[in-house]
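Participant: Please find one structure pasted underneath; my questions will follow.
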Amino acid sequence: MPANPRFRRVVRIGPVQVATHYDGRGHEKHTAACTAPRCGFSADYDSRAAAELAARTHRCAVR
């Protein structure tokens with residue numbers, strides 16, 4: 001059972017939160033996750049710039 005990741009450097013860009021954490025192998029990962037109800041968007045990236053770009057360009061399909 002994997003441990004819960006400890007998120008740091010959490011930034012909110014619109015409805016999307018971007019955070020940094022370490023994966024199970026000790027590699028630094030960056031996550032972008034939408035907090036809008038019923039959206040369901042989330043993705044892991046290797047670079048912080050990619051996660052922030054995804055957050056800035058994300059558009060929720062659910063309105």
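In the structure tokens, chains take letters A, B, ... by order of appearance, with residues numbered from 1 within each chain and ligands from 1 in the order shown.
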Excluding segment 27-35 of chain A and residues on its chain fewer than 3 positions from it, collect all residues at most 9 Å away from it, counting only C-alpha atoms, and give them as a ChimeraX atom specification.
Facilitator: /A:14-24,38-52,54-55,58,60
Participant: Save the residues we just selected, N, CA and C atoms, as a PDB file, in the first residue's frame?
Facilitator:
```pdb
ATOM      1  N   GLY A  14      -6.249  29.390 -11.146  1.00  0.00           N
ATOM      2  CA  GLY A  14      -7.664  29.213 -11.468  1.00  0.00           C
ATOM      3  C   GLY A  14      -8.223  28.102 -10.596  1.00  0.00           C
ATOM      4  N   PRO A  15      -8.945  27.138 -11.185  1.00  0.00           N
ATOM      5  CA  PRO A  15      -9.472  26.029 -10.394  1.00  0.00           C
ATOM      6  C   PRO A  15      -8.468  24.884 -10.207  1.00  0.00           C
ATOM      7  N   VAL A  16      -7.280  25.012 -10.795  1.00  0.00           N
ATOM      8  CA  VAL A  16      -6.288  23.934 -10.777  1.00  0.00           C
ATOM      9  C   VAL A  16      -5.227  24.210  -9.718  1.00  0.00           C
ATOM     10  N   GLN A  17      -4.901  23.173  -8.940  1.00  0.00           N
ATOM     11  CA  GLN A  17      -3.817  23.262  -7.970  1.00  0.00           C
ATOM     12  C   GLN A  17      -2.612  22.513  -8.528  1.00  0.00           C
ATOM     13  N   VAL A  18      -1.440  23.127  -8.397  1.00  0.00           N
ATOM     14  CA  VAL A  18      -0.178  22.520  -8.818  1.00  0.00           C
ATOM     15  C   VAL A  18       0.664  22.314  -7.571  1.00  0.00           C
ATOM     16  N   ALA A  19       1.230  21.109  -7.412  1.00  0.00           N
ATOM     17  CA  ALA A  19       2.028  20.805  -6.232  1.00  0.00           C
ATOM     18  C   ALA A  19       3.190  19.894  -6.607  1.00  0.00           C
ATOM     19  N   THR A  20       4.211  19.895  -5.756  1.00  0.00           N
ATOM     20  CA  THR A  20       5.396  19.069  -5.948  1.00  0.00           C
ATOM     21  C   THR A  20       5.423  17.994  -4.871  1.00  0.00           C
ATOM     22  N   HIS A  21       5.821  16.784  -5.253  1.00  0.00           N
ATOM     23  CA  HIS A  21       5.932  15.679  -4.292  1.00  0.00           C
ATOM     24  C   HIS A  21       6.954  14.676  -4.802  1.00  0.00           C
ATOM     25  N   TYR A  22       7.321  13.724  -3.966  1.00  0.00           N
ATOM     26  CA  TYR A  22       8.216  12.639  -4.372  1.00  0.00           C
ATOM     27  C   TYR A  22       7.392  11.387  -4.589  1.00  0.00           C
ATOM     28  N   ASP A  23       7.659  10.669  -5.691  1.00  0.00           N
ATOM     29  CA  ASP A  23       6.930   9.434  -5.951  1.00  0.00           C
ATOM     30  C   ASP A  23       7.527   8.302  -5.116  1.00  0.00           C
ATOM     31  N   GLY A  24       7.034   7.102  -5.292  1.00  0.00           N
ATOM     32  CA  GLY A  24       7.479   5.957  -4.504  1.00  0.00           C
ATOM     33  C   GLY A  24       8.931   5.589  -4.714  1.00  0.00           C
ATOM     34  N   ARG A  38     -16.931  17.600 -10.278  1.00  0.00           N
ATOM     35  CA  ARG A  38     -17.175  16.696 -11.406  1.00  0.00           C
ATOM     36  C   ARG A  38     -16.224  16.879 -12.579  1.00  0.00           C
ATOM     37  N   CYS A  39     -15.085  17.531 -12.395  1.00  0.00           N
ATOM     38  CA  CYS A  39     -14.142  17.705 -13.498  1.00  0.00           C
ATOM     39  C   CYS A  39     -13.267  16.467 -13.652  1.00  0.00           C
ATOM     40  N   GLY A  40     -12.539  16.095 -12.616  1.00  0.00           N
ATOM     41  CA  GLY A  40     -11.752  14.874 -12.648  1.00  0.00           C
ATOM     42  C   GLY A  40     -10.398  14.982 -13.321  1.00  0.00           C
ATOM     43  N   PHE A  41      -9.933  16.177 -13.692  1.00  0.00           N
ATOM     44  CA  PHE A  41      -8.631  16.328 -14.336  1.00  0.00           C
ATOM     45  C   PHE A  41      -7.521  16.278 -13.304  1.00  0.00           C
ATOM     46  N   SER A  42      -6.546  15.417 -13.534  1.00  0.00           N
ATOM     47  CA  SER A  42      -5.315  15.412 -12.752  1.00  0.00           C
ATOM     48  C   SER A  42      -4.253  14.693 -13.568  1.00  0.00           C
ATOM     49  N   ALA A  43      -3.006  15.151 -13.435  1.00  0.00           N
ATOM     50  CA  ALA A  43      -1.900  14.546 -14.184  1.00  0.00           C
ATOM     51  C   ALA A  43      -0.594  14.820 -13.453  1.00  0.00           C
ATOM     52  N   ASP A  44       0.355  13.873 -13.605  1.00  0.00           N
ATOM     53  CA  ASP A  44       1.700  14.029 -13.051  1.00  0.00           C
ATOM     54  C   ASP A  44       2.657  14.397 -14.179  1.00  0.00           C
ATOM     55  N   TYR A  45       3.609  15.262 -13.856  1.00  0.00           N
ATOM     56  CA  TYR A  45       4.593  15.727 -14.831  1.00  0.00           C
ATOM     57  C   TYR A  45       5.976  15.647 -14.220  1.00  0.00           C
ATOM     58  N   ASP A  46       6.994  15.581 -15.082  1.00  0.00           N
ATOM     59  CA  ASP A  46       8.378  15.542 -14.621  1.00  0.00           C
ATOM     60  C   ASP A  46       8.919  16.931 -14.320  1.00  0.00           C
ATOM     61  N   SER A  47       8.343  17.973 -14.932  1.00  0.00           N
ATOM     62  CA  SER A  47       8.842  19.324 -14.687  1.00  0.00           C
ATOM     63  C   SER A  47       7.721  20.214 -14.152  1.00  0.00           C
ATOM     64  N   ARG A  48       8.113  21.178 -13.351  1.00  0.00           N
ATOM     65  CA  ARG A  48       7.158  22.123 -12.777  1.00  0.00           C
ATOM     66  C   ARG A  48       6.545  22.992 -13.873  1.00  0.00           C
ATOM     67  N   ALA A  49       7.337  23.347 -14.872  1.00  0.00           N
ATOM     68  CA  ALA A  49       6.853  24.188 -15.960  1.00  0.00           C
ATOM     69  C   ALA A  49       5.733  23.494 -16.739  1.00  0.00           C
ATOM     70  N   ALA A  50       5.866  22.206 -16.954  1.00  0.00           N
ATOM     71  CA  ALA A  50       4.832  21.463 -17.674  1.00  0.00           C
ATOM     72  C   ALA A  50       3.534  21.408 -16.871  1.00  0.00           C
ATOM     73  N   ALA A  51       3.641  21.218 -15.571  1.00  0.00           N
ATOM     74  CA  ALA A  51       2.447  21.167 -14.721  1.00  0.00           C
ATOM     75  C   ALA A  51       1.750  22.525 -14.686  1.00  0.00           C
ATOM     76  N   GLU A  52       2.529  23.607 -14.616  1.00  0.00           N
ATOM     77  CA  GLU A  52       1.924  24.935 -14.598  1.00  0.00           C
ATOM     78  C   GLU A  52       1.314  25.291 -15.950  1.00  0.00           C
ATOM     79  N   ALA A  54      -0.032  23.110 -18.018  1.00  0.00           N
ATOM     80  CA  ALA A  54      -1.285  22.353 -18.056  1.00  0.00           C
ATOM     81  C   ALA A  54      -2.363  23.048 -17.227  1.00  0.00           C
ATOM     82  N   ALA A  55      -1.980  23.611 -16.101  1.00  0.00           N
ATOM     83  CA  ALA A  55      -2.938  24.320 -15.246  1.00  0.00           C
ATOM     84  C   ALA A  55      -3.462  25.577 -15.934  1.00  0.00           C
ATOM     85  N   HIS A  58      -5.839  24.508 -18.954  1.00  0.00           N
ATOM     86  CA  HIS A  58      -6.951  23.584 -18.673  1.00  0.00           C
ATOM     87  C   HIS A  58      -8.303  24.307 -18.751  1.00  0.00           C
ATOM     88  N   CYS A  60     -12.336  23.272 -18.054  1.00  0.00           N
ATOM     89  CA  CYS A  60     -13.258  22.232 -17.581  1.00  0.00           C
ATOM     90  C   CYS A  60     -14.360  22.020 -18.602  1.00  0.00           C
TER      91      CYS A  60
END
```
Participant: Could you pull out the helix (DSSP H, G or I) residues of chain A from DSSP and send them as a list in words?
Facilitator: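 DSSP-assigned helix (DSSP H, G or I) residues in chain A: Arg48, Ala49, Ala50, Ala51, Glu52, Leu53, Ala54, Ala55, Arg56 and Thr57 of chain A.
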Participant: Those same residues, written as a short mmCIF file (atom, residue, chain, number, x, y, z; two decimals), in the first residue's frame with N, CA and C atoms?
Facilitator:
```cif
data_model
loop_
_atom_site.label_atom_id
_atom_site.label_comp_id
_atom_site.auth_asym_id
_atom_site.auth_seq_id
_atom_site.Cartn_x
_atom_site.Cartn_y
_atom_site.Cartn_z
N ARG A 48 8.11 21.18 -13.35
CA ARG A 48 7.16 22.12 -12.78
C ARG A 48 6.55 22.99 -13.87
N ALA A 49 7.34 23.35 -14.87
CA ALA A 49 6.85 24.19 -15.96
C ALA A 49 5.73 23.49 -16.74
N ALA A 50 5.87 22.21 -16.95
CA ALA A 50 4.83 21.46 -17.67
C ALA A 50 3.53 21.41 -16.87
N ALA A 51 3.64 21.22 -15.57
CA ALA A 51 2.45 21.17 -14.72
C ALA A 51 1.75 22.53 -14.69
N GLU A 52 2.53 23.61 -14.62
CA GLU A 52 1.92 24.93 -14.60
C GLU A 52 1.31 25.29 -15.95
N LEU A 53 1.93 24.85 -17.04
CA LEU A 53 1.35 25.07 -18.37
C LEU A 53 0.03 24.34 -18.50
N ALA A 54 -0.03 23.11 -18.02
CA ALA A 54 -1.28 22.35 -18.06
C ALA A 54 -2.36 23.05 -17.23
N ALA A 55 -1.98 23.61 -16.10
CA ALA A 55 -2.94 24.32 -15.25
C ALA A 55 -3.46 25.58 -15.93
N ARG A 56 -2.59 26.30 -16.60
CA ARG A 56 -2.99 27.55 -17.27
C ARG A 56 -3.88 27.30 -18.48
N THR A 57 -3.68 26.18 -19.18
CA THR A 57 -4.45 25.91 -20.39
C THR A 57 -5.64 25.00 -20.17
#
```
Participant: Going by DSSP on the backbone, which bits of chain A are strand (DSSP E)? Write them as a PyMOL selection string, please.
Facilitator: chain A and resi 8-13+16-22+28-34+42-45
